[in-house]
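Just work.cif here, mmCIF, C-alpha atoms:
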```
data_protein
#
loop_
_atom_site.label_atom_id
_atom_site.label_comp_id
_atom_site.auth_asym_id
_atom_site.auth_seq_id
_atom_site.Cartn_x
_atom_site.Cartn_y
_atom_site.Cartn_z
CA MET A 1 77.96 -136.97 89.55
CA ALA A 2 79.74 -139.35 87.19
CA LEU A 3 82.03 -138.37 84.34
CA LYS A 4 81.97 -139.67 80.79
CA HIS A 5 85.58 -140.49 79.90
CA LYS A 6 86.07 -140.96 76.17
CA PRO A 7 89.69 -141.06 74.98
CA THR A 8 90.58 -138.92 71.97
CA ALA A 9 93.80 -138.43 70.03
CA PRO A 10 95.35 -135.88 72.44
CA TYR A 11 94.93 -138.34 75.31
CA HIS A 12 96.90 -141.02 73.48
CA SER A 13 99.64 -138.45 72.76
CA VAL A 14 99.79 -137.58 76.46
CA GLN A 15 100.07 -141.24 77.46
CA ASP A 16 102.96 -141.70 75.05
CA ALA A 17 104.60 -138.46 76.20
CA LEU A 18 104.41 -139.57 79.84
CA ARG A 19 106.17 -142.81 78.89
CA VAL A 20 108.95 -140.77 77.27
CA LEU A 21 109.28 -138.49 80.31
CA ASP A 22 109.34 -141.44 82.69
CA THR A 23 112.10 -143.05 80.65
CA VAL A 24 114.16 -139.85 80.30
CA SER A 25 113.86 -138.99 84.00
CA ARG A 26 115.47 -142.32 84.93
CA HIS A 27 118.63 -141.33 83.05
CA THR A 28 120.00 -138.27 84.81
CA THR A 29 123.13 -138.20 82.61
CA GLY A 30 121.13 -138.43 79.37
CA ILE A 31 119.69 -141.06 77.03
CA THR A 32 120.18 -141.45 73.30
CA GLY A 33 117.31 -141.52 70.84
CA ASN A 34 117.88 -145.19 70.02
CA GLN A 35 117.97 -146.17 73.68
CA LEU A 36 114.86 -144.07 74.38
CA ALA A 37 113.00 -145.82 71.58
CA ARG A 38 113.91 -149.24 72.98
CA GLU A 39 113.17 -148.52 76.63
CA SER A 40 109.94 -146.59 76.05
CA GLY A 41 108.70 -149.14 73.54
CA LEU A 42 107.43 -146.37 71.26
CA GLY A 43 109.86 -146.66 68.36
CA ARG A 44 111.78 -143.97 66.49
CA GLU A 45 108.89 -142.96 64.22
CA ARG A 46 106.62 -142.09 67.15
CA LEU A 47 109.44 -140.27 68.93
CA THR A 48 110.00 -138.16 65.82
CA THR A 49 106.59 -136.64 66.51
CA LEU A 50 106.75 -136.46 70.32
CA LEU A 51 110.29 -135.23 71.00
CA PRO A 52 109.99 -131.88 69.15
CA MET A 53 106.87 -131.08 71.18
CA LEU A 54 108.51 -132.11 74.46
CA CYS A 55 111.60 -130.04 73.68
CA ARG A 56 109.49 -127.03 72.66
CA GLU A 57 107.58 -127.27 75.95
CA ALA A 58 110.89 -127.56 77.89
CA TYR A 59 109.94 -130.95 79.31
CA VAL A 60 112.96 -132.49 77.61
CA GLU A 61 116.29 -130.95 76.59
CA GLN A 62 118.76 -132.26 74.03
CA GLY A 63 122.43 -131.78 74.76
CA ALA A 64 125.26 -131.07 72.35
CA ASP A 65 126.01 -134.79 72.27
CA GLY A 66 122.43 -135.51 71.12
CA ALA A 67 121.38 -137.17 74.37
CA TYR A 68 118.07 -136.23 76.03
CA VAL A 69 117.64 -135.15 79.66
CA ALA A 70 114.68 -133.89 81.69
CA GLY A 71 113.97 -130.22 81.03
CA GLU A 72 113.43 -127.24 83.32
CA ALA A 73 109.63 -127.17 82.95
CA PHE A 74 109.37 -130.86 83.86
CA ALA A 75 111.53 -130.32 86.95
CA ARG A 76 109.37 -127.38 88.10
CA LEU A 77 106.12 -129.30 87.67
CA CYS A 78 107.54 -132.23 89.61
CA SER A 79 108.14 -130.02 92.66
CA ALA A 80 107.12 -131.69 95.91
CA GLN A 81 105.86 -128.35 97.28
CA GLU A 82 102.17 -127.86 96.40
CA GLN A 83 102.40 -124.06 96.09
CA GLU A 84 105.46 -124.27 93.84
CA HIS A 85 103.74 -126.88 91.69
CA GLU A 86 100.58 -124.77 91.33
CA GLU A 87 102.59 -121.67 90.40
CA ALA A 88 104.64 -123.65 87.88
CA LEU A 89 101.49 -125.18 86.38
CA HIS A 90 99.80 -121.77 86.05
CA ASP A 91 102.86 -120.27 84.37
CA LYS A 92 103.27 -123.24 82.04
CA LEU A 93 99.62 -123.24 81.01
CA GLN A 94 99.71 -119.49 80.37
CA ARG A 95 102.69 -119.83 78.03
CA THR A 96 100.89 -122.64 76.21
CA LEU A 97 97.69 -120.60 75.91
CA ASP A 98 99.65 -117.62 74.58
CA ARG A 99 101.18 -119.85 71.92
CA LEU A 100 97.77 -121.32 71.04
CA ARG A 101 96.30 -117.81 70.71
CA ASP A 102 98.96 -116.94 68.16
CA SER A 103 98.56 -120.28 66.38
CA VAL A 104 94.78 -120.12 65.94
CA GLY A 105 94.52 -116.33 65.63
CA ALA A 106 91.84 -116.07 68.32
CA ALA A 107 91.38 -115.47 72.02
CA VAL A 108 91.85 -118.79 73.86
CA TYR A 109 90.34 -119.84 77.18
CA MET A 110 90.85 -122.66 79.66
CA SER A 111 87.79 -123.60 81.67
CA ARG A 112 87.03 -126.16 84.37
CA TYR A 113 83.92 -127.48 86.07
CA VAL A 114 84.61 -126.94 89.78
CA ASP A 115 82.13 -127.72 92.56
CA GLY A 116 79.24 -127.68 90.13
CA GLU A 117 80.15 -124.39 88.47
CA VAL A 118 81.78 -123.25 85.23
CA GLU A 119 85.06 -121.41 85.83
CA VAL A 120 87.32 -119.76 83.26
CA THR A 121 90.65 -120.30 85.02
CA GLN A 122 92.99 -118.73 82.45
CA TYR A 123 92.85 -117.05 79.07
CA ALA A 124 95.08 -115.48 76.43
CA ASP A 125 93.96 -112.54 74.36
CA GLY A 126 95.55 -109.55 72.67
CA PRO A 127 94.84 -106.40 70.64
CA ALA A 128 94.15 -108.43 67.49
CA THR A 129 92.42 -111.26 69.38
CA PRO A 130 90.12 -109.66 72.00
CA LYS A 131 88.31 -111.89 74.48
CA VAL A 132 84.53 -112.04 74.47
CA ASN A 133 82.66 -109.49 76.55
CA GLU A 134 81.28 -111.48 79.52
CA TRP A 135 77.97 -109.66 79.60
CA VAL A 136 76.32 -112.58 81.39
CA ASP A 137 78.31 -114.54 83.99
CA PHE A 138 79.66 -117.69 82.34
CA ARG A 139 78.47 -119.65 85.39
CA ASP A 140 74.90 -118.81 84.43
CA ALA A 141 75.36 -119.32 80.69
CA ALA A 142 76.71 -122.85 80.28
CA HIS A 143 73.74 -123.68 78.06
CA ALA A 144 74.69 -120.93 75.58
CA THR A 145 78.50 -121.01 75.48
CA ALA A 146 80.79 -123.45 73.70
CA LEU A 147 82.94 -123.88 76.79
CA GLY A 148 79.89 -124.45 79.01
CA LYS A 149 78.40 -127.02 76.68
CA SER A 150 81.76 -128.77 76.38
CA LEU A 151 81.97 -129.07 80.16
CA LEU A 152 78.36 -130.27 80.47
CA SER A 153 78.93 -132.84 77.70
CA GLN A 154 81.56 -134.49 79.90
CA LEU A 155 79.09 -135.05 82.74
CA ASP A 156 76.60 -137.88 82.89
CA HIS A 157 72.89 -137.27 82.30
CA ALA A 158 72.15 -136.81 86.01
CA GLY A 159 74.98 -134.29 86.36
CA ARG A 160 73.69 -132.27 83.43
CA ARG A 161 70.12 -132.24 84.75
CA GLU A 162 71.35 -131.19 88.20
CA HIS A 163 73.28 -128.28 86.68
CA LEU A 164 70.31 -127.11 84.61
CA ALA A 165 68.09 -127.30 87.68
CA ARG A 166 70.33 -124.69 89.29
CA HIS A 167 70.93 -122.57 86.18
CA ARG A 168 67.89 -121.88 83.99
CA THR A 169 68.31 -121.95 80.22
CA VAL A 170 67.36 -118.32 79.68
CA ARG A 171 67.34 -116.70 76.24
CA LEU A 172 70.46 -114.59 75.65
CA THR A 173 70.06 -114.17 71.88
CA SER A 174 67.56 -115.34 69.29
CA ARG A 175 69.83 -118.37 68.72
CA THR A 176 69.97 -119.56 72.35
CA VAL A 177 68.54 -123.01 73.04
CA THR A 178 66.13 -122.57 75.95
CA SER A 179 64.59 -126.05 76.02
CA ASP A 180 66.24 -128.31 78.61
CA ARG A 181 65.04 -131.37 76.72
CA LEU A 182 66.53 -130.19 73.42
CA LEU A 183 69.80 -129.16 75.04
CA LEU A 184 70.17 -132.48 76.87
CA SER A 185 69.45 -134.32 73.62
CA GLN A 186 72.10 -132.29 71.77
CA LEU A 187 74.70 -132.88 74.49
CA ALA A 188 74.03 -136.63 74.57
CA ALA A 189 74.35 -136.94 70.79
CA HIS A 190 77.50 -134.83 70.43
CA PRO A 191 80.59 -136.90 69.43
CA PRO A 192 83.45 -136.37 71.92
CA THR A 193 86.00 -135.86 69.13
CA VAL A 194 84.02 -133.02 67.48
CA PRO A 195 84.44 -129.45 68.85
CA VAL A 196 81.37 -127.87 70.44
CA LEU A 197 80.30 -124.66 68.68
CA ASP A 198 78.49 -121.52 69.81
CA LEU A 199 77.17 -119.61 66.79
CA GLN A 200 76.03 -116.34 68.39
CA GLU A 201 74.10 -118.20 71.10
CA TYR A 202 75.81 -116.30 73.93
CA ALA A 203 76.43 -112.94 72.27
CA ILE A 204 75.49 -111.45 68.90
CA GLY A 205 78.64 -110.82 66.91
CA THR A 206 80.70 -113.62 68.48
CA VAL A 207 81.23 -117.29 67.58
CA CYS A 208 83.08 -119.79 69.78
CA ALA A 209 84.34 -123.36 69.83
CA ALA A 210 85.53 -125.68 72.61
CA VAL A 211 87.27 -129.04 72.95
CA PRO A 212 87.45 -131.24 76.10
CA ILE A 213 90.59 -131.63 78.20
CA THR A 214 89.44 -134.00 80.93
CA ALA A 215 92.34 -135.18 83.08
CA GLY A 216 91.61 -137.75 85.76
CA SER A 217 88.57 -136.60 87.74
CA SER A 218 88.96 -133.00 86.55
CA VAL A 219 86.53 -131.82 83.86
CA GLY A 220 87.96 -129.09 81.64
CA CYS A 221 88.03 -127.66 78.16
CA LEU A 222 89.90 -125.35 75.83
CA ALA A 223 87.87 -122.76 73.97
CA LEU A 224 88.32 -119.93 71.49
CA SER A 225 86.24 -116.98 70.37
CA LEU A 226 86.12 -115.03 67.12
CA PRO A 227 84.20 -112.04 65.81
CA VAL A 228 81.33 -113.22 63.62
CA GLU A 229 83.01 -111.75 60.53
CA HIS A 230 85.68 -114.45 61.01
CA ALA A 231 83.13 -117.26 61.40
CA HIS A 232 84.50 -118.90 58.25
CA ARG A 233 87.70 -119.64 60.23
CA LEU A 234 85.93 -121.18 63.22
CA ARG A 235 86.00 -124.88 62.32
CA HIS A 236 89.61 -124.79 61.12
CA ALA A 237 90.66 -122.90 64.26
CA ALA A 238 88.77 -125.40 66.43
CA ASP A 239 90.48 -128.33 64.72
CA THR A 240 93.85 -126.66 65.29
CA LEU A 241 92.98 -126.13 68.95
CA ASN A 242 92.00 -129.80 69.28
CA ARG A 243 95.21 -131.03 67.65
CA ASN A 244 97.28 -128.88 70.00
CA ALA A 245 95.48 -129.80 73.22
CA ALA A 246 98.09 -132.41 74.19
CA PRO A 247 100.56 -129.95 75.84
CA VAL A 248 97.77 -128.64 78.10
CA LEU A 249 96.72 -132.17 79.08
CA LEU A 250 100.34 -133.13 79.66
CA SER A 251 100.93 -130.18 82.00
CA MET A 252 97.88 -131.21 84.01
CA ALA A 253 98.95 -134.85 84.13
CA ILE A 254 102.52 -134.32 85.40
#
```
Mind converting the file's structure to structure tokens?
Amino acid sequence: MALKHKPTAPYHSVQDALRVLDTVSRHTTGITGNQLARESGLGRERLTTLLPMLCREAYVEQGADGAYVAGEAFARLCSAQEQEHEEALHDKLQRTLDRLRDSVGAAVYMSRYVDGEVEVTQYADGPATPKVNEWVDFRDAAHATALGKSLLSQLDHAGRREHLARHRTVRLTSRTVTSDRLLLSQLAAHPPTVPVLDLQEYAIGTVCAAVPITAGSSVGCLALSLPVEHAHRLRHAADTLNRNAAPVLLSMAI
């Protein structure tokens, strides 16, 4: 199975952020903003956008003298112990998902394609933002869910066909696409920068959206779900989710 890597805006933000972190980490006693701009090659204007995000995520800390040093979250993720790194990554991603839930006003999910199957690895919901009722296992419903279609869209044609050969495109609602040919055509034509939508294809009364977060050889996505009465907010919420995907990608890349 081959992957279809197509860089989008969050990926460029992550690349720039990694350059900042690499530069900051080399200066254990701190580095000024001007020096950081020179050594990273990004310039002050770009840093004006990146540094607030890095400080908010605790990857970078700014001292009383204004100098920047590596933050606590960055140190935890750089742990040489695999178990410590995995625990730190899980905790960091959960905090980010919780913040995204509050930002978009919807339940938020992180999903990955692991060993040929769809897995929802983490999610953030709440009383005002309930998660979708998984009435059909997500592993069997990739053809009908936004997160499943987002994951499949990141595979090559052979990978998609192989998945559909193992998981039939059964009808879950009157809106579910059950034609393999039509689904494959839709996935191939979908622009990578546009969120994938599920408009009551998985469950009546629920709409969803998903954006890719492929990191290296790992295929993943961020998704959200809303009650159908809030469908008018779906595209705006999806765009917000896409714009704020960089912290998730960055956590996975460190």
In terms of the shortest atom-to-atom distance over all atoms listed in the file, which of A:Thr206, A:Ser40, A:Asn34, A:Gln200 is closest to A:Ser174? A:Gln200
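Atom CA of A:Leu89 is positioned 6.7 Å from atom CA of A:Ser251.
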List as a list in words the protein and nucleic acid residues near A:Arg76, meaning an atom at most 8 Å away when only C-alpha atoms are counted, but skip any in the same chain fewer than 6 places from it. Glu84, His85 and Ala88 of chain A
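Using only C-alpha atoms, the nearest neighbour of A:Glu201 within the list A:Ala67, A:Ala223, A:Leu50, A:Ala146 is A:Ala146.
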Run the PyMOL selection byres ((chain A and resi 26) around 12) on the file and write out the hits as a VMD selection string. chain A and resid 19 to 25 27 to 31 36 39 to 40 68 to 70
What does the PyMOL selection byres ((chain A and resi 139) around 9) select in this file, as a ChimeraX atom specification? /A:117-119,136-138,140-142,148,167
